[in-house]
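Written out below as structure tokens is the structure these notes cover.
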Amino acid sequence: MSISLSGCIAVVTGASSGIGQATAEALASAGAKVCLAARRADVLENIAKVINEGGGTAIYIKTDVTDRAQVKSLIAQTESQLGPVDILVNCAGIMYYTMMKNLHEDEWERQVDVNCKGVLNGVGAVLDGMIKRGKGHIVNISSDAGRKAFAGLAVYSGTKFFVEGMSQALRHEVKGSGIRVTCIQPGDVKTPLHFLSTDKEAEEKYNESQSCKILEPTDVGRAVVFAVTQPDYVGINEILVEAREAPA
């Protein structure tokens, strides 16, 4: 039996599209008050408006997750407007198909900045408050590429292996504190990420997202809601969600 999210406060990064938007909408539908965070304030405004008009509660705060000060401000503003943060979903992420030999080093660095440092900034902004309150749930959107490395996605896989390793260690550190840490590991999802790559050799050789029906963002949003609506004594540590015809 799951619990209600009524009265819970959730922050979702990367909420302007794809998995982040779907997750924010799913959490709001489940009763949580949600703060949407991303760089595109105009898009966030429209998403928040739809949630509010549908009977939910949503605010938005323009945030670049690679800027530590902005992420700390995001949490402070959320707590000022809505209340203490119960759930953080680190969803902001970026993916490029690149072959290592082609040296797309700027794209390598961007993935590290968003996928690794962005997650750390989120954890750092909420952890102290969650420990003091004796409760909280950190959900990190990882990837099936964080469980198995894929050619053409070496750096992306590396960033997601980082998220997995950090999350596992954090889970052990906060044992007994009332805090839960979950990694959601999607396979290919129909999101704008698939249209960012500039290394056409890598994309043509390794992008198989058109080979079968892949996941919708809402499929991942449902997995997040499942993880955060369990009884307090239950820890959903990992959820691997893939297209049926594309197992890792």
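Identifiers for the structure tokens are assigned positionally: chains receive A, B, ... in sequence, residues are indexed from 1 per chain, and ligands are indexed from 1 in the order shown.
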Discussion item. So that I can check the surroundings of range 96-111 of chain A, please list as a ChimeraX atom specification every protein, DNA and RNA residue that reaches within 12 Å of it, counting only C-alpha atoms and ignoring chain neighbours fewer than 3 positions away.
Written reply: /A:65-66,92-93,114-119,150-160,162,192-209
Take the selection from the previous step and output its residues with N, CA and C atoms, as a tab-separated table (two decimals), in the first residue's frame.
```
chain	number	residue	atom	x	y	z
A	65	VAL	N	21.52	24.22	-13.05
A	65	VAL	CA	21.98	23.28	-12.01
A	65	VAL	C	23.50	23.23	-11.91
A	66	THR	N	24.23	23.73	-12.91
A	66	THR	CA	25.69	23.72	-12.82
A	66	THR	C	26.21	24.85	-11.93
A	92	ALA	N	17.72	17.03	-14.31
A	92	ALA	CA	18.44	17.75	-15.35
A	92	ALA	C	19.59	16.88	-15.87
A	93	GLY	N	19.66	16.73	-17.16
A	93	GLY	CA	20.70	15.89	-17.75
A	93	GLY	C	20.88	16.20	-19.21
A	114	VAL	N	26.72	18.96	-16.15
A	114	VAL	CA	25.29	18.84	-15.87
A	114	VAL	C	24.97	17.54	-15.13
A	115	ASN	N	25.48	16.43	-15.64
A	115	ASN	CA	25.07	15.12	-15.13
A	115	ASN	C	25.72	14.76	-13.80
A	116	CYS	N	26.92	15.25	-13.57
A	116	CYS	CA	27.62	14.95	-12.30
A	116	CYS	C	27.52	16.12	-11.33
A	117	LYS	N	28.07	17.28	-11.74
A	117	LYS	CA	28.08	18.42	-10.82
A	117	LYS	C	26.67	18.91	-10.52
A	118	GLY	N	25.77	18.83	-11.50
A	118	GLY	CA	24.39	19.25	-11.26
A	118	GLY	C	23.71	18.42	-10.20
A	119	VAL	N	23.94	17.11	-10.24
A	119	VAL	CA	23.36	16.23	-9.22
A	119	VAL	C	23.97	16.51	-7.86
A	150	PHE	N	27.79	1.86	-22.95
A	150	PHE	CA	27.39	1.71	-24.35
A	150	PHE	C	28.39	2.44	-25.24
A	151	ALA	N	28.83	1.79	-26.33
A	151	ALA	CA	29.69	2.43	-27.31
A	151	ALA	C	28.97	3.65	-27.89
A	152	GLY	N	29.73	4.71	-28.10
A	152	GLY	CA	29.14	5.95	-28.58
A	152	GLY	C	28.62	6.83	-27.46
A	153	LEU	N	28.57	6.27	-26.26
A	153	LEU	CA	28.09	7.01	-25.09
A	153	LEU	C	29.07	6.86	-23.93
A	154	ALA	N	30.36	6.83	-24.25
A	154	ALA	CA	31.36	6.57	-23.21
A	154	ALA	C	31.32	7.61	-22.10
A	155	VAL	N	31.30	8.88	-22.45
A	155	VAL	CA	31.30	9.92	-21.42
A	155	VAL	C	29.95	9.96	-20.72
A	156	TYR	N	28.88	9.87	-21.48
A	156	TYR	CA	27.55	9.84	-20.86
A	156	TYR	C	27.44	8.67	-19.88
A	157	SER	N	27.87	7.48	-20.32
A	157	SER	CA	27.85	6.32	-19.43
A	157	SER	C	28.69	6.59	-18.19
A	158	GLY	N	29.85	7.20	-18.38
A	158	GLY	CA	30.70	7.51	-17.24
A	158	GLY	C	30.02	8.43	-16.24
A	159	THR	N	29.29	9.43	-16.74
A	159	THR	CA	28.59	10.32	-15.81
A	159	THR	C	27.49	9.59	-15.05
A	160	LYS	N	26.85	8.66	-15.71
A	160	LYS	CA	25.77	7.93	-15.03
A	160	LYS	C	26.32	6.86	-14.08
A	162	PHE	N	28.92	7.48	-12.37
A	162	PHE	CA	29.20	8.36	-11.23
A	162	PHE	C	27.95	8.54	-10.38
A	192	PRO	N	13.95	15.41	-26.06
A	192	PRO	CA	14.85	16.20	-26.92
A	192	PRO	C	16.31	15.80	-26.85
A	193	LEU	N	16.71	14.98	-25.87
A	193	LEU	CA	18.10	14.57	-25.76
A	193	LEU	C	18.62	13.91	-27.04
A	194	HIS	N	17.72	13.24	-27.75
A	194	HIS	CA	18.14	12.49	-28.93
A	194	HIS	C	18.49	13.38	-30.12
A	195	PHE	N	18.27	14.68	-29.98
A	195	PHE	CA	18.50	15.57	-31.11
A	195	PHE	C	19.63	16.56	-30.85
A	196	LEU	N	20.45	16.30	-29.84
A	196	LEU	CA	21.51	17.24	-29.47
A	196	LEU	C	22.86	16.91	-30.08
A	197	SER	N	23.07	15.67	-30.46
A	197	SER	CA	24.41	15.21	-30.85
A	197	SER	C	24.89	15.89	-32.13
A	198	THR	N	26.17	16.26	-32.14
A	198	THR	CA	26.78	16.84	-33.33
A	198	THR	C	27.78	15.88	-33.98
A	199	ASP	N	28.11	14.79	-33.30
A	199	ASP	CA	29.01	13.78	-33.86
A	199	ASP	C	28.15	12.80	-34.68
A	200	LYS	N	27.98	13.12	-35.95
A	200	LYS	CA	27.07	12.33	-36.78
A	200	LYS	C	27.57	10.92	-37.01
A	201	GLU	N	28.87	10.73	-37.01
A	201	GLU	CA	29.42	9.37	-37.16
A	201	GLU	C	28.96	8.49	-36.01
A	202	ALA	N	29.08	9.01	-34.79
A	202	ALA	CA	28.67	8.24	-33.61
A	202	ALA	C	27.17	8.00	-33.60
A	203	GLU	N	26.42	9.04	-33.94
A	203	GLU	CA	24.96	8.90	-33.89
A	203	GLU	C	24.47	7.88	-34.90
A	204	GLU	N	24.99	7.93	-36.11
A	204	GLU	CA	24.55	7.00	-37.15
A	204	GLU	C	24.95	5.56	-36.81
A	205	LYS	N	26.07	5.40	-36.15
A	205	LYS	CA	26.56	4.06	-35.86
A	205	LYS	C	25.91	3.45	-34.62
A	206	TYR	N	25.58	4.27	-33.62
A	206	TYR	CA	25.19	3.71	-32.32
A	206	TYR	C	23.79	4.09	-31.82
A	207	ASN	N	23.15	5.10	-32.41
A	207	ASN	CA	21.82	5.48	-31.94
A	207	ASN	C	20.78	4.52	-32.50
A	208	GLU	N	20.25	3.69	-31.63
A	208	GLU	CA	19.26	2.69	-32.05
A	208	GLU	C	17.86	3.01	-31.53
A	209	SER	N	17.64	4.29	-31.20
A	209	SER	CA	16.35	4.66	-30.60
A	209	SER	C	15.19	4.54	-31.58
```
Could you pull the residues within 12 Å of Gln185 in chain A, counting only C-alpha atoms, minus those fewer than 6 positions along the same chain, as a PDB file with C-alpha atoms, in the first residue's frame?
```pdb
ATOM      1  CA  ILE A  19      11.312  13.273 -18.118  1.00  0.00           C
ATOM      2  CA  CYS A  91      16.403  15.162 -13.463  1.00  0.00           C
ATOM      3  CA  VAL A 139      15.690  10.654  -6.508  1.00  0.00           C
ATOM      4  CA  ASN A 140      18.465  10.716  -9.096  1.00  0.00           C
ATOM      5  CA  ILE A 141      17.552  10.100 -12.719  1.00  0.00           C
ATOM      6  CA  SER A 142      20.360   7.846 -13.862  1.00  0.00           C
ATOM      7  CA  SER A 143      20.200   5.589 -16.934  1.00  0.00           C
ATOM      8  CA  ASP A 144      20.566   2.002 -18.049  1.00  0.00           C
ATOM      9  CA  ALA A 145      23.892   3.424 -19.286  1.00  0.00           C
ATOM     10  CA  GLY A 146      24.811   3.741 -15.610  1.00  0.00           C
ATOM     11  CA  ARG A 147      24.626  -0.030 -15.303  1.00  0.00           C
ATOM     12  CA  LYS A 148      26.219  -0.998 -18.611  1.00  0.00           C
ATOM     13  CA  SER A 157      27.852   6.319 -19.430  1.00  0.00           C
ATOM     14  CA  LYS A 160      25.772   7.930 -15.034  1.00  0.00           C
ATOM     15  CA  PHE A 161      28.163   5.423 -13.429  1.00  0.00           C
ATOM     16  CA  VAL A 163      25.569   9.011 -10.268  1.00  0.00           C
ATOM     17  CA  GLU A 164      25.104   5.339  -9.405  1.00  0.00           C
ATOM     18  CA  LEU A 215       9.731   4.854 -23.566  1.00  0.00           C
ATOM     19  CA  ASP A 219       6.622   5.986 -18.109  1.00  0.00           C
ATOM     20  CA  VAL A 220       9.548   7.330 -16.099  1.00  0.00           C
ATOM     21  CA  GLY A 221       7.349   9.779 -14.199  1.00  0.00           C
ATOM     22  CA  ALA A 223       8.337   5.075 -11.776  1.00  0.00           C
ATOM     23  CA  VAL A 224       9.333   8.129  -9.722  1.00  0.00           C
ATOM     24  CA  ASN A 237      16.919   1.729  -4.309  1.00  0.00           C
ATOM     25  CA  GLU A 238      16.813   1.237  -8.087  1.00  0.00           C
ATOM     26  CA  ILE A 239      14.228   1.027 -10.840  1.00  0.00           C
ATOM     27  CA  LEU A 240      15.400  -0.068 -14.297  1.00  0.00           C
ATOM     28  CA  VAL A 241      12.815   0.929 -16.909  1.00  0.00           C
ATOM     29  CA  GLU A 242      13.449  -0.009 -20.542  1.00  0.00           C
ATOM     30  CA  ALA A 243      11.547  -0.543 -23.739  1.00  0.00           C
ATOM     31  CA  ALA A 248      20.251  -3.737 -21.898  1.00  0.00           C
TER      32      ALA A 248
END
```
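Using only C-alpha atoms, the residues found no farther than 9 Å from Glu216 in chain A, other than those of its own chain fewer than 5 positions away, are Gly18, Ile19, Asp188, Val189, Lys190 and Thr191 of chain A.
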Worksheet entry | strand (DSSP E or B) residues, from DSSP on the backbone, in range 18-171 of chain A, as a list in words |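 Residues of range 18-171 of chain A classed as strand (DSSP E or B): Lys33, Val34, Cys35, Leu36, Ala37, Ala38, Thr57, Ala58, Ile59, Tyr60, Ile61, Lys62, Ile87, Leu88, Val89, Asn90, Thr98, Gly136, His137, Ile138, Val139, Asn140, Ile141 and Leu153 of chain A.
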Generate a file of the selected residues that holds N, CA, C and O atoms, formatted as a CSV table (one decimal), in the first residue's frame.
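Everything below was put into part_26.csv:
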```csv
chain,number,residue,atom,x,y,z
A,33,LYS,N,3.0,19.4,-3.8
A,33,LYS,CA,3.3,20.7,-4.2
A,33,LYS,C,4.6,20.7,-4.9
A,33,LYS,O,5.6,20.3,-4.3
A,34,VAL,N,4.7,21.2,-6.1
A,34,VAL,CA,5.9,21.0,-6.9
A,34,VAL,C,6.6,22.3,-7.3
A,34,VAL,O,5.9,23.3,-7.7
A,35,CYS,N,7.9,22.4,-7.2
A,35,CYS,CA,8.7,23.5,-7.7
A,35,CYS,C,9.4,23.0,-9.0
A,35,CYS,O,10.1,22.0,-8.9
A,36,LEU,N,9.1,23.7,-10.1
A,36,LEU,CA,9.8,23.3,-11.4
A,36,LEU,C,11.0,24.2,-11.5
A,36,LEU,O,11.0,25.4,-11.4
A,37,ALA,N,12.1,23.5,-11.9
A,37,ALA,CA,13.4,24.2,-12.0
A,37,ALA,C,14.0,23.8,-13.4
A,37,ALA,O,14.1,22.7,-13.7
A,38,ALA,N,14.5,24.8,-14.1
A,38,ALA,CA,15.2,24.7,-15.3
A,38,ALA,C,15.7,26.0,-15.8
A,38,ALA,O,15.4,27.0,-15.1
A,57,THR,N,-0.6,22.2,-7.4
A,57,THR,CA,0.1,23.4,-6.9
A,57,THR,C,1.5,23.3,-7.4
A,57,THR,O,2.2,22.4,-7.2
A,58,ALA,N,1.9,24.4,-8.2
A,58,ALA,CA,3.2,24.4,-8.8
A,58,ALA,C,3.7,25.8,-8.8
A,58,ALA,O,3.0,26.8,-9.1
A,59,ILE,N,5.0,26.0,-8.6
A,59,ILE,CA,5.7,27.2,-8.8
A,59,ILE,C,6.9,26.9,-9.7
A,59,ILE,O,7.2,25.7,-9.9
A,60,TYR,N,7.6,27.9,-10.1
A,60,TYR,CA,8.8,27.7,-11.0
A,60,TYR,C,9.9,28.7,-10.6
A,60,TYR,O,9.6,29.8,-10.2
A,61,ILE,N,11.1,28.2,-10.7
A,61,ILE,CA,12.3,29.1,-10.4
A,61,ILE,C,13.3,28.8,-11.5
A,61,ILE,O,13.8,27.6,-11.6
A,62,LYS,N,13.7,29.8,-12.2
A,62,LYS,CA,14.8,29.6,-13.2
A,62,LYS,C,16.0,29.2,-12.6
A,62,LYS,O,16.5,29.9,-11.6
A,87,ILE,N,11.1,16.0,-1.2
A,87,ILE,CA,11.5,15.2,-2.3
A,87,ILE,C,12.3,16.0,-3.3
A,87,ILE,O,11.8,17.1,-3.7
A,88,LEU,N,13.5,15.6,-3.6
A,88,LEU,CA,14.3,16.2,-4.7
A,88,LEU,C,14.4,15.2,-5.8
A,88,LEU,O,14.9,14.1,-5.6
A,89,VAL,N,14.1,15.6,-7.0
A,89,VAL,CA,14.3,14.8,-8.2
A,89,VAL,C,15.3,15.5,-9.1
A,89,VAL,O,15.1,16.5,-9.7
A,90,ASN,N,16.5,14.9,-9.1
A,90,ASN,CA,17.6,15.4,-9.9
A,90,ASN,C,17.4,14.9,-11.3
A,90,ASN,O,17.9,13.8,-11.6
A,98,THR,N,29.0,10.5,-28.9
A,98,THR,CA,30.3,10.9,-29.4
A,98,THR,C,31.2,9.7,-29.4
A,98,THR,O,31.2,8.9,-28.5
A,136,GLY,N,13.3,12.6,4.2
A,136,GLY,CA,13.5,13.2,2.9
A,136,GLY,C,13.8,12.1,1.9
A,136,GLY,O,14.1,11.0,2.2
A,137,HIS,N,13.6,12.4,0.6
A,137,HIS,CA,13.8,11.4,-0.5
A,137,HIS,C,14.5,12.1,-1.6
A,137,HIS,O,14.0,13.1,-2.2
A,138,ILE,N,15.7,11.6,-2.0
A,138,ILE,CA,16.5,12.1,-3.1
A,138,ILE,C,16.4,11.1,-4.2
A,138,ILE,O,16.7,9.9,-4.0
A,139,VAL,N,15.9,11.5,-5.3
A,139,VAL,CA,15.7,10.7,-6.5
A,139,VAL,C,16.6,11.2,-7.6
A,139,VAL,O,16.5,12.3,-8.1
A,140,ASN,N,17.5,10.3,-8.0
A,140,ASN,CA,18.5,10.7,-9.1
A,140,ASN,C,18.1,10.0,-10.4
A,140,ASN,O,18.0,8.7,-10.4
A,141,ILE,N,17.8,10.7,-11.4
A,141,ILE,CA,17.6,10.1,-12.7
A,141,ILE,C,18.9,9.7,-13.3
A,141,ILE,O,19.7,10.5,-13.8
A,153,LEU,N,28.6,6.3,-26.3
A,153,LEU,CA,28.1,7.0,-25.1
A,153,LEU,C,29.1,6.9,-23.9
A,153,LEU,O,28.7,6.8,-22.8
```
Proximity check range 127-224 of chain A to range 71-86 of chain A, 12 Å, nearest pairs one decimal Å, only C-alpha atoms, as CSV:
```
residue,atom,partner,partner_atom,distance
A:Leu127,CA,A:Val85,CA,9.9
A:Asp128,CA,A:Val85,CA,11.1
A:Gly129,CA,A:Pro84,CA,7.9
A:Met130,CA,A:Asp86,CA,7.4
A:Ile131,CA,A:Asp86,CA,11.0
A:Lys132,CA,A:Pro84,CA,11.0
A:Arg133,CA,A:Pro84,CA,8.9
A:Gly134,CA,A:Asp86,CA,10.3
A:Lys135,CA,A:Asp86,CA,7.1
A:Gly136,CA,A:Asp86,CA,4.7
A:His137,CA,A:Asp86,CA,6.2
A:Ile138,CA,A:Asp86,CA,8.5
A:Val139,CA,A:Asp86,CA,10.9
A:Gly178,CA,A:Asp86,CA,11.1
A:Ile179,CA,A:Asp86,CA,9.4
A:Arg180,CA,A:Asp86,CA,10.4
A:Val181,CA,A:Asp86,CA,12.0
```
Restrict the selected residues to C-alpha atoms and save them as a PDB file, in the first residue's frame.
```pdb
ATOM      1  CA  LEU A 127      20.888  17.130   2.474  1.00  0.00           C
ATOM      2  CA  ASP A 128      21.503  19.206   5.601  1.00  0.00           C
ATOM      3  CA  GLY A 129      17.843  20.163   5.933  1.00  0.00           C
ATOM      4  CA  MET A 130      16.658  16.599   5.361  1.00  0.00           C
ATOM      5  CA  ILE A 131      19.053  15.273   8.003  1.00  0.00           C
ATOM      6  CA  LYS A 132      17.904  17.872  10.534  1.00  0.00           C
ATOM      7  CA  ARG A 133      14.237  17.025   9.888  1.00  0.00           C
ATOM      8  CA  GLY A 134      14.895  13.286   9.902  1.00  0.00           C
ATOM      9  CA  LYS A 135      13.177  12.650   6.573  1.00  0.00           C
ATOM     10  CA  GLY A 136      13.510  13.197   2.866  1.00  0.00           C
ATOM     11  CA  HIS A 137      13.836  11.423  -0.461  1.00  0.00           C
ATOM     12  CA  ILE A 138      16.490  12.105  -3.097  1.00  0.00           C
ATOM     13  CA  VAL A 139      15.690  10.654  -6.508  1.00  0.00           C
ATOM     14  CA  GLY A 178      15.095   8.749   7.690  1.00  0.00           C
ATOM     15  CA  ILE A 179      16.374   9.681   4.228  1.00  0.00           C
ATOM     16  CA  ARG A 180      15.924   7.517   1.150  1.00  0.00           C
ATOM     17  CA  VAL A 181      17.975   7.589  -2.059  1.00  0.00           C
TER      18      VAL A 181
END
```
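Using only C-alpha atoms, the smallest distance between any of A:Glu173, A:Asp113, A:Asp67, A:Glu25 and Gly55 in chain A comes from A:Glu25.
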Worksheet item: Per DSSP on the backbone, what are the alpha helix (DSSP H) residues of range 1-189 of chain A, as a PyMOL selection string?
Response: chain A and resi 18-29+41-53+68-81+105-111+118-133+154-173
Item to complete: Quote the spacing between CA of Thr229 in chain A and CA of Ala30 in chain A in Å to one decimal place.
Response: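 Separation between CA of Thr229 in chain A and CA of Ala30 in chain A: 9.0 Å.
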Worksheet item: So what do you get for CA of Gly187 in chain A versus CA of Lys213 in chain A, distance-wise?
Response: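 Atom-to-atom, CA of Gly187 in chain A and CA of Lys213 in chain A are spaced 11.4 Å apart.
Between CA of Val112 in chain A and CA of Met95 in chain A lies a distance of 10.0 Å.
Nearest residue to Cys8 in chain A among A:His172, A:Val126, A:Met166, A:Val228 is A:Val228, counting only C-alpha atoms.
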